[in-house]
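*Asks:* If you scroll down you'll find the structure; I have some questions about it.
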Amino acid sequence: MGTDAPLAPWKRSAWYVLLSALSVVVLFPIYMTLVRALSTPASYFRAGQPLHPVDIQWNIFATAFSRGDLSAKLTTSAVVTAVIVGAQLATSILAAYAFTFLEFPFRRTLFALFMATLMLPIEVTLIPNVETMRSLGWFNSYAGLTAPFLATAFGTFLLRQGFLGIPRDLRDASTLDGFGHVGFLRRVAIPVTRPVIASFAVISFLTAWNQYTWPRAVTTQSNWETVQIGLHSLAAATVDKGNIALAAALIAALPVLALLIFLQRHLIRGLTAGAVKG
Amino acid sequence: MPGSAPGTTESDRQVSEIIFEGVTKRFGDVTAVDDLDLRVEHEEFMVLLGPSGCGKTTVLRMVAGLDSITSGTLRIGDRVVNDVEAKHRNVSMVFQSYALYPHLSVFKNIESPLIPRDMTVEGEATPRRLHPHERAERVRAIAETLGLSELLQRKPVALSGGQRQRVALARAIVSRPAAFLMDEPLSNLDAKLRAQTRVELADLHKRLATTFLYVTHDQVEAMTMADRLAILDRGRLQQVGTPRDVYDRPRNLFVARFIGSPPMNAVPATIRIDLGEPWADTGAGRIRLPLLTAALADGASVVIGVRPEDVHRDAGTIDATVRAVEWLGPERHVMCDVAGTTVTIREAAEKRDPQPGERITVGCDPQHVHVFDAQTTERLE
Amino acid sequence: MNTRRVRESLWAAALLLPSLAVFVAFFFYPLYRLVVLGLHQQNRFGTTNRYVGLSQFRDVLTGDEFRSGLWITVQFVLLTVPLGLVLGILLAVAANRRLRGIKIFHTIFASTVASSVAVTSVIFLMLINPQIGYFGDVPFFSLSNPHTALRGVALSSVWENLGLTFIIVLAALQAIPDEINEAAVLDGYGPLRKLWKITLPLISPSLMFLTVVLVIFGFQAFGQIDIITGGGPAGATQTVVYKIFNSQQPIAQGRGAVMAVGLFGVTFLVSLAQLALLERRVHYGN
């Protein structure tokens with residue numbers, strides 16, 4: 001934090017003013033979204049697009065739900081996210097365990113190979129992967145939406161860092177107590193690195209829920225769209241009105257917003273891992 | 001089994017010698033333990049003593065099954081255990097850092113070894129896994145013995161150093177092993193607690209009547225607690241024996257100087273046979289040696305070892321110059337120079353202190369002289 | 001001892017297999033497949049597949065389609081990264097002080113990290129859309145003008161990245177020991193000089209990390225183009241990824257694959273160059 005030196009009252013106020021001004025700028029798009037979502041479009045235009053809501057329609061969210069088929073899309077997003085987070089946790093924990101606690105030939109090469117995948121985003125490998133999905137018949141399916149993301153090297157990296165922090169002695173004590181790998185993993189490794197696992201889960205959730213390019217590529221039927229793709233369709237269909245799509249956008253952002261507010265610590269820890277020393 | 005000391009039911013009267021035959025451990029190019037031959041007797045308190053890096057912890061870890069054995073044979077009881085997993089060797093270990101699970105309560109820490117193990121149950125022929133209430137019973141019994149009953153629900157972070165150590169002990173004892181392995185368990189305690197715990201551990205050993213293999217670099221611990229000591233230096237066994245053996249008849253210069261505080265004096269000298277009697281000529285005077293044996297040849301280079309308490313002043317045959325004096329209350333240490341080597345004298349602090357620069361003579365009883373070959377540093381008899 | 005090794009290797013194989021299977025199927029195999037696709041040319045229906053060799057690589061990588069897409073992508077990166085960094089630093093420096101209620105400001109400044117590409121794009125579409133946007137008639141980033149449309153899209157990305165940038169820079173600032181700040185104040189550094197000479201150098205590793213990450217995000221831009229401009233007007237906002245996305249039909253796959261390889265190469269080289277260049281200016285203290 002900055003210094004704790006006493007501040008002259010006018011300086012203190014000046015900072016509050018500056019910070020508030022910056023907050024206004026940052027929050028402006030969201031504020032306007034609320035204004036536009038709640039206002040009746042025709043009345044809003046007639047009033048000259050003011051900075052306050054006009055002719056508020058509280059049922060806009062219900063309308064967005066039905067018009068954008070949001071309950072189905074939210075469900076799809078939820079299932080896809082749950083599967084991806086669950087799978088990534090499982091595969092990452094297992095892989096990180098192997099890299100941390102086991103000795104085997106080519107360990108370093110394999111780890112480098114894992115990390116290399118971080119350089120290949122889905123945008124680059126799009127065409128062949130879509131081709132694979134097409135030939136497997138996995139368009140418009142949960143399989144297609146989740147398959148490339150069932151494992152991630154970022155998770156392996158993060159969890160390995162966590163496991164490396166476990167003192168060697170605890171591993172030895174567990175061995176002498178009579179526990180093998182499974183016992184040690186369950187009783188010691190996972191409980192002791194719970195904060196890191198939580199941070200990774202939060203990041204994984206964030207990424208999976210917010211994904212756009214891949215779901216866009218593998219869904220052609222609207223009933224299989226995730227909520228993010230649904231926003232695209234809805235925006236395109238209702239661009240002249242605007243309030244429906246904006247209401248839907250707010251709904252789509254809610255789960256992650258909740259995450260930010262309640263799990264801020266974990267989120268920040270996950271995002272800053274590797275970026276900040278100390 | 002309320003009332004009886006832990007670990008003494010007849011079914012646990014296991015044969016628990018630990019036998020090393022040519023055991024060697026290599027880490028890549030580094031040889032940590034070199035051709036160790038050692039036999040730890042059933043119910044013995046054996047201390048592995050040596051400076052940092054001498055391999056004593058590696059030896060312990062090999063017995064535990066935490067490190068593999070490069071070559072040689074390790075037996076526990078009558079079983080060769082080279083390839084036996086730690087879990088099946090029936091030994092337990094107290095770590096230097098205690099290695100308590102930070103996220104588990106004291107109760108769960110102590111209970112830990114009982115979960116994956118088959119234990120013998122009174123009245124039943126074959127060992128089996130214990131039910132939770134049976135485990136709880138044994139945990140409580142041990143906790144009681146070690147004064148931990150009040151602390152069972154606490155987590156390690158809320159315990160003092162001494163309390164954590166007792167939890168580590170409890171965890172080691174509860175599984176009724178054939179042997180206890182201890183890796184410098186007292187080093188994290190303050191001096192007062194250390195002295196107290198030494199007594200408690202020795203007492204525990206008698207009560208448990210089980211083999212203790214104890215590693216330390218502190219020779220006071222070793223001398224006070226051991227039935228026998230094994231001294232190691234750079235991976236090689238230097239000497240095995242009772243504290244008395246090792247103190248009175250050190251096999252080489254390393255052992256001679258490692259045991260005893262202040263360390264034994266080591267003065268280079270040459271053997272002179274004079275009229276059939278052996279003398280050691282230091283260059284500043286001669287001392288008579290106890291007997292003449294074949295090993296003592298005229299002109300041989302040796303190192304003379306005499307313990308500080310065996311050196312006396314003013315009646316000696318060797319010239320010395322006082323360099324420094326340390327007064328410690330009932331005694332004092334006088335450091336003086338004998339032909340270029342520092343010799344320490346330990347004497348009662350009577351009369352006046354000698355002054356630096358003073359010329360004195362020193363000598364000792366031939367019976368207290370140890371002779372070591374200058375090349376091999378081995379003891380010459 | 002050998003059995004222990006074998007046992008551990010078997011365990012390792014079992015534990016790594018799930019991840020490895022995914023990586024081989026969806027990362028390594030596609031990389032190989034991209035090269036294969038790039039060497040071939042199919043017809044509209046995918047019924048013929050002709051080997052054309054490296055000439056396709058040469059044609060596409062030097063051709064207008066890829067080069068214009070690359071140029072647009074580069075412009076996008078230049079529009080979003082410097083501005084995004086500066087704003088993020090500004091927010092973090094402003095919010096890094098002990099005031100009552102400062103945590104609220106922290107949450108506000110970090111909030112955009114909750115917004116996905118789709119959500120941000122919809123928000124900004126409605127904000128700068130020429131027909132109904134509040135700022136729809138601002139010429140500087142007008143979506144109907146091919147010369148300025150990209151700026152509109154860039155604006156949405158800058159806003160979207162604010163949260164992430166803020167979080168990372170703030171964390172880096174908080175990692176600076178108090179004594180250093182105090183020493184600077186006692187030495188008589190004014191706030192701006194302190195920022196330039198002390199604070200920024202000390203957080204430079206994180207800044208470098210952020211720069212690399214933001215540039216990579218910029219090169220991968222797709223969703224915001226898809227929603228805000230649909231690639232228009234007149235293809236003025238078609239980034240490389242956008243073009244790749246629209247090259248999925250058999251007839252376009254060869255060219256798309258080459259562009260993907262080109263994109264990978266460029267991103268990789270740019271990241272390396274950044275690491276090399278910035279590494280020298282980065283100060284690893286402590």
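Labels for the structure tokens follow display order: chains A, B, ..., residues from 1 in each chain, ligands from 1.
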As JSON, numbers by chain, please: every residue in range 76-231 of chain C that a backbone DSSP assignment puts in alpha helix (DSSP H).

*Replies:* {"C": [76, 77, 78, 79, 80, 81, 82, 83, 84, 85, 86, 87, 88, 89, 90, 91, 92, 93, 94, 95, 102, 103, 104, 105, 106, 107, 108, 109, 110, 117, 118, 119, 120, 121, 122, 123, 124, 125, 126, 127, 128, 149, 150, 151, 152, 153, 154, 155, 156, 157, 158, 159, 160, 161, 162, 163, 164, 165, 166, 167, 168, 169, 170, 171, 172, 173, 174, 178, 179, 180, 181, 182, 183, 184, 185, 186, 191, 192, 193, 194, 200, 201, 202, 204, 205, 206, 207, 208, 209, 210, 211, 212, 213, 214, 215, 216, 217, 218, 219, 223, 224, 225, 226, 227, 228]}

*Asks:* Using only C-alpha atoms and a distance of at most 12 Å, pull out the residues of chain B that contact chain C, as an MDAnalysis selection string.

*Replies:* chainID B and resid 25 62 65:71 81:86

*Asks:* For the selection you just gave me, I'd like the residues written to a file as a short mmCIF file (atom, residue, chain, number, x, y, z; two decimals), in the first residue's frame, keeping C-alpha atoms.

*Replies:*
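Ended up saving to selection_1.cif:
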data_model
loop_
_atom_site.label_atom_id
_atom_site.label_comp_id
_atom_site.auth_asym_id
_atom_site.auth_seq_id
_atom_site.Cartn_x
_atom_site.Cartn_y
_atom_site.Cartn_z
CA LYS B 25 24.15 -45.26 -1.03
CA MET B 62 17.38 -46.09 4.16
CA GLY B 65 12.51 -46.96 3.26
CA LEU B 66 12.51 -43.33 2.17
CA ASP B 67 15.71 -43.73 0.18
CA SER B 68 16.66 -46.77 -1.85
CA ILE B 69 19.82 -48.76 -1.19
CA THR B 70 22.41 -48.67 -3.96
CA SER B 71 24.18 -51.86 -2.91
CA VAL B 81 14.07 -55.26 3.45
CA ASN B 82 15.97 -53.65 0.56
CA ASP B 83 12.93 -53.77 -1.67
CA VAL B 84 10.25 -53.73 0.98
CA GLU B 85 8.04 -50.63 1.01
CA ALA B 86 8.21 -48.30 3.99
#

*Asks:* May I have the residues of chain A within 9 Å of chain B, counting only C-alpha atoms, written as an MDAnalysis selection string?

*Replies:* chainID A and resid 167:180 183 188 191:192

*Asks:* List every residue of chain C that has an atom at most 6 Å from any atom of chain A, giving for each one its closest atom pair and the distance in Å to one decimal, counting only C-alpha atoms, sorted by chain and then by ascending residue number, as a tab-separated table.

*Replies:*
residue	atom	partner	partner_atom	distance
C:Ser9	CA	A:Phe104	CA	5.0
C:Ala12	CA	A:Ala98	CA	5.3
C:Leu15	CA	A:Leu94	CA	5.2
C:Leu16	CA	A:Ala95	CA	5.0
C:Ser19	CA	A:Ala151	CA	5.2
C:Phe26	CA	A:Pro148	CA	5.6
C:Pro30	CA	A:Pro128	CA	5.2
C:Asn96	CA	A:Met1	CA	5.7
C:Arg97	CA	A:Gly2	CA	4.5
C:Ala114	CA	A:Val256	CA	5.3
C:Ser116	CA	A:Asn210	CA	4.9
C:Ala118	CA	A:Gln228	CA	5.6
C:Val119	CA	A:Ala249	CA	5.1
C:Ile168	CA	A:Thr272	CA	5.8
C:Ala172	CA	A:Val276	CA	5.6
C:Gln174	CA	A:Met1	CA	5.1
C:Ser206	CA	A:Ala275	CA	5.3
C:Ile227	CA	A:His232	CA	5.9
C:Ala260	CA	A:Val124	CA	5.1

*Asks:* Restricting the output to N, CA and C atoms, write the selected residues as a PDB file, in the first residue's frame.

*Replies:*
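To be explicit, this is the file written out as out.pdb:
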ATOM      1  N   SER C   9       6.976 -44.881 -12.893  1.00  0.00           N
ATOM      2  CA  SER C   9       6.764 -44.498 -14.287  1.00  0.00           C
ATOM      3  C   SER C   9       5.363 -44.883 -14.742  1.00  0.00           C
ATOM      4  N   ALA C  12       3.034 -42.390 -13.284  1.00  0.00           N
ATOM      5  CA  ALA C  12       3.151 -41.121 -13.999  1.00  0.00           C
ATOM      6  C   ALA C  12       2.397 -41.195 -15.322  1.00  0.00           C
ATOM      7  N   LEU C  15      -1.258 -40.842 -14.726  1.00  0.00           N
ATOM      8  CA  LEU C  15      -1.682 -39.508 -14.300  1.00  0.00           C
ATOM      9  C   LEU C  15      -1.586 -38.477 -15.414  1.00  0.00           C
ATOM     10  N   LEU C  16      -0.622 -38.670 -16.308  1.00  0.00           N
ATOM     11  CA  LEU C  16      -0.427 -37.685 -17.371  1.00  0.00           C
ATOM     12  C   LEU C  16      -1.286 -37.966 -18.593  1.00  0.00           C
ATOM     13  N   SER C  19      -4.446 -35.588 -19.600  1.00  0.00           N
ATOM     14  CA  SER C  19      -4.045 -34.289 -20.154  1.00  0.00           C
ATOM     15  C   SER C  19      -3.375 -34.453 -21.505  1.00  0.00           C
ATOM     16  N   PHE C  26      -5.991 -32.039 -29.547  1.00  0.00           N
ATOM     17  CA  PHE C  26      -6.483 -30.699 -29.865  1.00  0.00           C
ATOM     18  C   PHE C  26      -5.414 -29.630 -29.950  1.00  0.00           C
ATOM     19  N   PRO C  30      -3.602 -30.885 -34.452  1.00  0.00           N
ATOM     20  CA  PRO C  30      -4.019 -29.778 -35.312  1.00  0.00           C
ATOM     21  C   PRO C  30      -2.849 -28.999 -35.905  1.00  0.00           C
ATOM     22  N   ASN C  96      -3.841   3.013  -5.153  1.00  0.00           N
ATOM     23  CA  ASN C  96      -2.901   2.394  -4.227  1.00  0.00           C
ATOM     24  C   ASN C  96      -2.560   3.345  -3.089  1.00  0.00           C
ATOM     25  N   ARG C  97      -3.526   3.601  -2.273  1.00  0.00           N
ATOM     26  CA  ARG C  97      -3.251   4.443  -1.106  1.00  0.00           C
ATOM     27  C   ARG C  97      -4.198   4.093   0.024  1.00  0.00           C
ATOM     28  N   ALA C 114     -15.016  -9.010 -14.990  1.00  0.00           N
ATOM     29  CA  ALA C 114     -16.178  -9.887 -14.975  1.00  0.00           C
ATOM     30  C   ALA C 114     -16.895  -9.897 -16.327  1.00  0.00           C
ATOM     31  N   SER C 116     -17.403 -10.512 -20.168  1.00  0.00           N
ATOM     32  CA  SER C 116     -16.832 -11.346 -21.220  1.00  0.00           C
ATOM     33  C   SER C 116     -16.727 -10.532 -22.511  1.00  0.00           C
ATOM     34  N   ALA C 118     -18.267 -11.147 -25.248  1.00  0.00           N
ATOM     35  CA  ALA C 118     -19.614 -10.968 -25.788  1.00  0.00           C
ATOM     36  C   ALA C 118     -20.354  -9.858 -25.059  1.00  0.00           C
ATOM     37  N   VAL C 119     -20.306  -9.891 -23.733  1.00  0.00           N
ATOM     38  CA  VAL C 119     -21.014  -8.885 -22.952  1.00  0.00           C
ATOM     39  C   VAL C 119     -20.472  -7.494 -23.256  1.00  0.00           C
ATOM     40  N   ILE C 168      -3.468  -6.648 -11.890  1.00  0.00           N
ATOM     41  CA  ILE C 168      -2.073  -7.060 -11.901  1.00  0.00           C
ATOM     42  C   ILE C 168      -1.146  -5.917 -11.508  1.00  0.00           C
ATOM     43  N   ALA C 172       1.286  -5.643  -8.152  1.00  0.00           N
ATOM     44  CA  ALA C 172       2.717  -5.360  -8.259  1.00  0.00           C
ATOM     45  C   ALA C 172       3.107  -4.162  -7.407  1.00  0.00           C
ATOM     46  N   GLN C 174       1.622  -3.155  -4.751  1.00  0.00           N
ATOM     47  CA  GLN C 174       1.534  -3.509  -3.338  1.00  0.00           C
ATOM     48  C   GLN C 174       2.708  -4.359  -2.893  1.00  0.00           C
ATOM     49  N   SER C 206       6.183  -7.164 -13.978  1.00  0.00           N
ATOM     50  CA  SER C 206       4.746  -7.359 -14.178  1.00  0.00           C
ATOM     51  C   SER C 206       4.258  -6.619 -15.407  1.00  0.00           C
ATOM     52  N   ILE C 227     -19.247  -9.331 -33.160  1.00  0.00           N
ATOM     53  CA  ILE C 227     -20.476  -8.745 -32.635  1.00  0.00           C
ATOM     54  C   ILE C 227     -20.632  -7.275 -33.003  1.00  0.00           C
ATOM     55  N   ALA C 260      -3.467 -19.372 -40.457  1.00  0.00           N
ATOM     56  CA  ALA C 260      -3.332 -19.756 -39.047  1.00  0.00           C
ATOM     57  C   ALA C 260      -1.876 -19.968 -38.689  1.00  0.00           C
TER      58      ALA C 260
END

*Asks:* Give me, as a tab-separated table, each residue of range 97-205 of chain C that comes within 12 Å of range 265-284 of chain C, together with its shortest interatomic pair and the distance in Å at one decimal, counting only C-alpha atoms, with rows ordered by chain and rising residue number.

*Replies:*
residue	atom	partner	partner_atom	distance
C:Lys197	CA	C:His283	CA	11.5
C:Ile198	CA	C:His283	CA	10.5
C:Thr199	CA	C:His283	CA	11.0
C:Leu200	CA	C:His283	CA	9.6
C:Pro201	CA	C:His283	CA	6.0
C:Leu202	CA	C:His283	CA	6.5
C:Ile203	CA	C:His283	CA	8.2
C:Ser204	CA	C:Val282	CA	5.3
C:Pro205	CA	C:Val282	CA	5.9

*Asks:* By how many Å are CA of Thr75 in chain A and CA of Ala62 in chain A apart?

*Replies:*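 Calculated distance between CA of Thr75 in chain A and CA of Ala62 in chain A is 16.1 Å.
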
*Asks:* Rounded to one decimal place, report the CA of Arg193 in chain C-CA of Phe166 in chain C distance in Å.

*Replies:*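 The value is 21.2 Å.
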
*Asks:* Quick one: residues within 12 Å of Asn59 in chain A, only C-alpha atoms counted, chain neighbours fewer than 3 positions away excluded, as a ChimeraX atom specification?

*Replies:* /A:37-40,55-56,62-66,243-244,247

*Asks:* Could you dump the residues just selected with C-alpha atoms as an mmCIF file, in the first residue's frame?

*Replies:*
data_model
loop_
_atom_site.group_PDB
_atom_site.id
_atom_site.type_symbol
_atom_site.label_atom_id
_atom_site.label_comp_id
_atom_site.auth_asym_id
_atom_site.auth_seq_id
_atom_site.Cartn_x
_atom_site.Cartn_y
_atom_site.Cartn_z
ATOM 1 C CA ALA A 37 -31.996 -1.799 -20.785
ATOM 2 C CA LEU A 38 -34.643 -0.416 -18.480
ATOM 3 C CA SER A 39 -35.945 2.263 -20.815
ATOM 4 C CA THR A 40 -38.608 1.716 -23.414
ATOM 5 C CA ASP A 55 -40.402 4.947 -19.141
ATOM 6 C CA ILE A 56 -38.934 2.098 -17.135
ATOM 7 C CA ALA A 62 -38.266 -11.420 -18.252
ATOM 8 C CA THR A 63 -38.633 -10.376 -21.863
ATOM 9 C CA ALA A 64 -34.936 -10.923 -22.469
ATOM 10 C CA PHE A 65 -35.275 -14.364 -20.944
ATOM 11 C CA SER A 66 -38.021 -15.439 -23.228
ATOM 12 C CA ASN A 243 -32.832 -2.919 -24.575
ATOM 13 C CA ILE A 244 -33.442 -6.640 -24.888
ATOM 14 C CA ALA A 247 -30.729 -6.818 -20.485
#

*Asks:* Name all residues at most 9 Å from range 67-72 of chain C (count only C-alpha atoms; drop same-chain ones fewer than 6 positions away) and give them as a short mmCIF file (atom, residue, chain, number, x, y, z; two decimals) with C-alpha atoms, in the first residue's frame.

*Replies:*
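Saved result, part09.cif, follows:
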data_model
loop_
_atom_site.label_atom_id
_atom_site.label_comp_id
_atom_site.auth_asym_id
_atom_site.auth_seq_id
_atom_site.Cartn_x
_atom_site.Cartn_y
_atom_site.Cartn_z
CA VAL C 60 -1.20 -16.63 -49.05
CA LEU C 61 1.43 -15.19 -46.74
CA LEU C 150 -11.51 -0.33 -35.83
CA PHE C 219 -3.65 -10.87 -31.93
CA ALA C 236 -12.21 -2.84 -42.64
CA THR C 237 -12.17 -4.68 -39.35
CA GLN C 238 -11.36 -8.19 -40.52
CA THR C 239 -8.55 -9.35 -38.31
CA VAL C 240 -6.58 -12.48 -39.18
CA VAL C 241 -8.60 -14.60 -36.77
CA TYR C 242 -11.79 -13.31 -38.27
CA LYS C 243 -10.56 -14.36 -41.68
CA LEU C 263 -0.66 -15.95 -37.25
#

*Asks:* Can you pull out every residue within 12 Å of range 184-195 of chain B, counting only C-alpha atoms, but drop anything in the same chain fewer than 3 positions away, and send it as a PyMOL selection string?

*Replies:* chain B and resi 47-50+52+56-57+60+93-99+160-169+180-181+198-202+213-222+224-225

*Asks:* May I have the residues from that selection written out with C-alpha atoms, as a PDB file, in the first residue's frame?

*Replies:*
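That gives us result-v2.pdb:
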ATOM      1  CA  VAL B  47      22.978 -43.367  18.270  1.00  0.00           C
ATOM      2  CA  LEU B  48      24.370 -42.438  14.868  1.00  0.00           C
ATOM      3  CA  LEU B  49      26.725 -39.581  15.524  1.00  0.00           C
ATOM      4  CA  GLY B  50      28.715 -37.410  13.200  1.00  0.00           C
ATOM      5  CA  SER B  52      26.807 -32.499   9.039  1.00  0.00           C
ATOM      6  CA  LYS B  56      23.817 -40.420   9.257  1.00  0.00           C
ATOM      7  CA  THR B  57      20.462 -39.084   8.090  1.00  0.00           C
ATOM      8  CA  LEU B  60      18.200 -43.488   8.808  1.00  0.00           C
ATOM      9  CA  MET B  93      10.121 -42.018  12.470  1.00  0.00           C
ATOM     10  CA  VAL B  94      10.282 -38.760  14.367  1.00  0.00           C
ATOM     11  CA  PHE B  95      11.443 -36.033  11.998  1.00  0.00           C
ATOM     12  CA  GLN B  96      13.662 -33.106  12.887  1.00  0.00           C
ATOM     13  CA  SER B  97      10.893 -30.722  11.884  1.00  0.00           C
ATOM     14  CA  TYR B  98       8.262 -33.056  13.358  1.00  0.00           C
ATOM     15  CA  ALA B  99       6.408 -33.117  10.009  1.00  0.00           C
ATOM     16  CA  SER B 160       4.575 -24.945  21.457  1.00  0.00           C
ATOM     17  CA  GLY B 161       7.755 -26.597  20.183  1.00  0.00           C
ATOM     18  CA  GLY B 162       7.827 -29.080  23.024  1.00  0.00           C
ATOM     19  CA  GLN B 163       4.191 -29.989  22.527  1.00  0.00           C
ATOM     20  CA  ARG B 164       4.673 -30.536  18.822  1.00  0.00           C
ATOM     21  CA  GLN B 165       7.551 -32.837  19.559  1.00  0.00           C
ATOM     22  CA  ARG B 166       5.396 -34.903  21.841  1.00  0.00           C
ATOM     23  CA  VAL B 167       2.723 -35.168  19.169  1.00  0.00           C
ATOM     24  CA  ALA B 168       5.379 -36.391  16.746  1.00  0.00           C
ATOM     25  CA  LEU B 169       6.441 -38.958  19.323  1.00  0.00           C
ATOM     26  CA  PHE B 180      11.907 -46.098  16.297  1.00  0.00           C
ATOM     27  CA  LEU B 181      13.918 -43.849  14.005  1.00  0.00           C
ATOM     28  CA  ARG B 198      16.733 -36.153  26.862  1.00  0.00           C
ATOM     29  CA  VAL B 199      15.783 -37.686  30.163  1.00  0.00           C
ATOM     30  CA  GLU B 200      12.237 -38.311  29.002  1.00  0.00           C
ATOM     31  CA  LEU B 201      13.378 -40.017  25.828  1.00  0.00           C
ATOM     32  CA  ALA B 202      15.770 -42.292  27.682  1.00  0.00           C
ATOM     33  CA  LEU B 213      17.967 -45.649  16.100  1.00  0.00           C
ATOM     34  CA  TYR B 214      18.775 -42.032  16.886  1.00  0.00           C
ATOM     35  CA  VAL B 215      20.649 -39.557  14.720  1.00  0.00           C
ATOM     36  CA  THR B 216      22.419 -36.486  16.083  1.00  0.00           C
ATOM     37  CA  HIS B 217      25.459 -34.288  15.619  1.00  0.00           C
ATOM     38  CA  ASP B 218      25.501 -33.385  19.300  1.00  0.00           C
ATOM     39  CA  GLN B 219      27.933 -35.588  21.158  1.00  0.00           C
ATOM     40  CA  VAL B 220      26.484 -34.718  24.563  1.00  0.00           C
ATOM     41  CA  GLU B 221      23.138 -36.168  23.501  1.00  0.00           C
ATOM     42  CA  ALA B 222      24.914 -39.188  22.096  1.00  0.00           C
ATOM     43  CA  THR B 224      24.193 -39.457  27.638  1.00  0.00           C
ATOM     44  CA  MET B 225      21.495 -41.412  25.835  1.00  0.00           C
TER      45      MET B 225
END

*Asks:* Out of B:Phe45, B:Thr376, B:Ile287, B:Thr31, which residue has the shortest atom-to-atom distance to Met223 in chain B when counting only C-alpha atoms?

*Replies:*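 When distances to Met223 in chain B are compared using only C-alpha atoms, the smallest one comes from B:Phe45.
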
*Asks:* Near Thr165 in chain C, within 12 Å and counting only C-alpha atoms, which residues show up once chain neighbours fewer than 3 positions away are dropped, as a count of residues only?

*Replies:* 43

*Asks:* Hey, what's within 8 Å of Phe141 in chain C if we count only C-alpha atoms and toss same-chain stuff fewer than 5 positions away? As a short mmCIF file (atom, residue, chain, number, x, y, z; two decimals) with C-alpha atoms, in the first residue's frame, please?

*Replies:*
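Written out: out23.cif:
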data_model
loop_
_atom_site.label_atom_id
_atom_site.label_comp_id
_atom_site.auth_asym_id
_atom_site.auth_seq_id
_atom_site.Cartn_x
_atom_site.Cartn_y
_atom_site.Cartn_z
CA ILE C 128 -21.34 3.50 -30.34
CA THR C 148 -12.45 4.66 -37.92
CA ALA C 149 -14.48 1.53 -37.26
CA LEU C 150 -11.51 -0.33 -35.83
CA ARG C 151 -11.11 2.37 -33.19
CA GLY C 152 -14.61 1.68 -31.96
#

*Asks:* Expressed in Å to a single decimal, how great is the separation between CA of Val343 in chain B and CA of Arg286 in chain B?

*Replies:* 14.6 Å
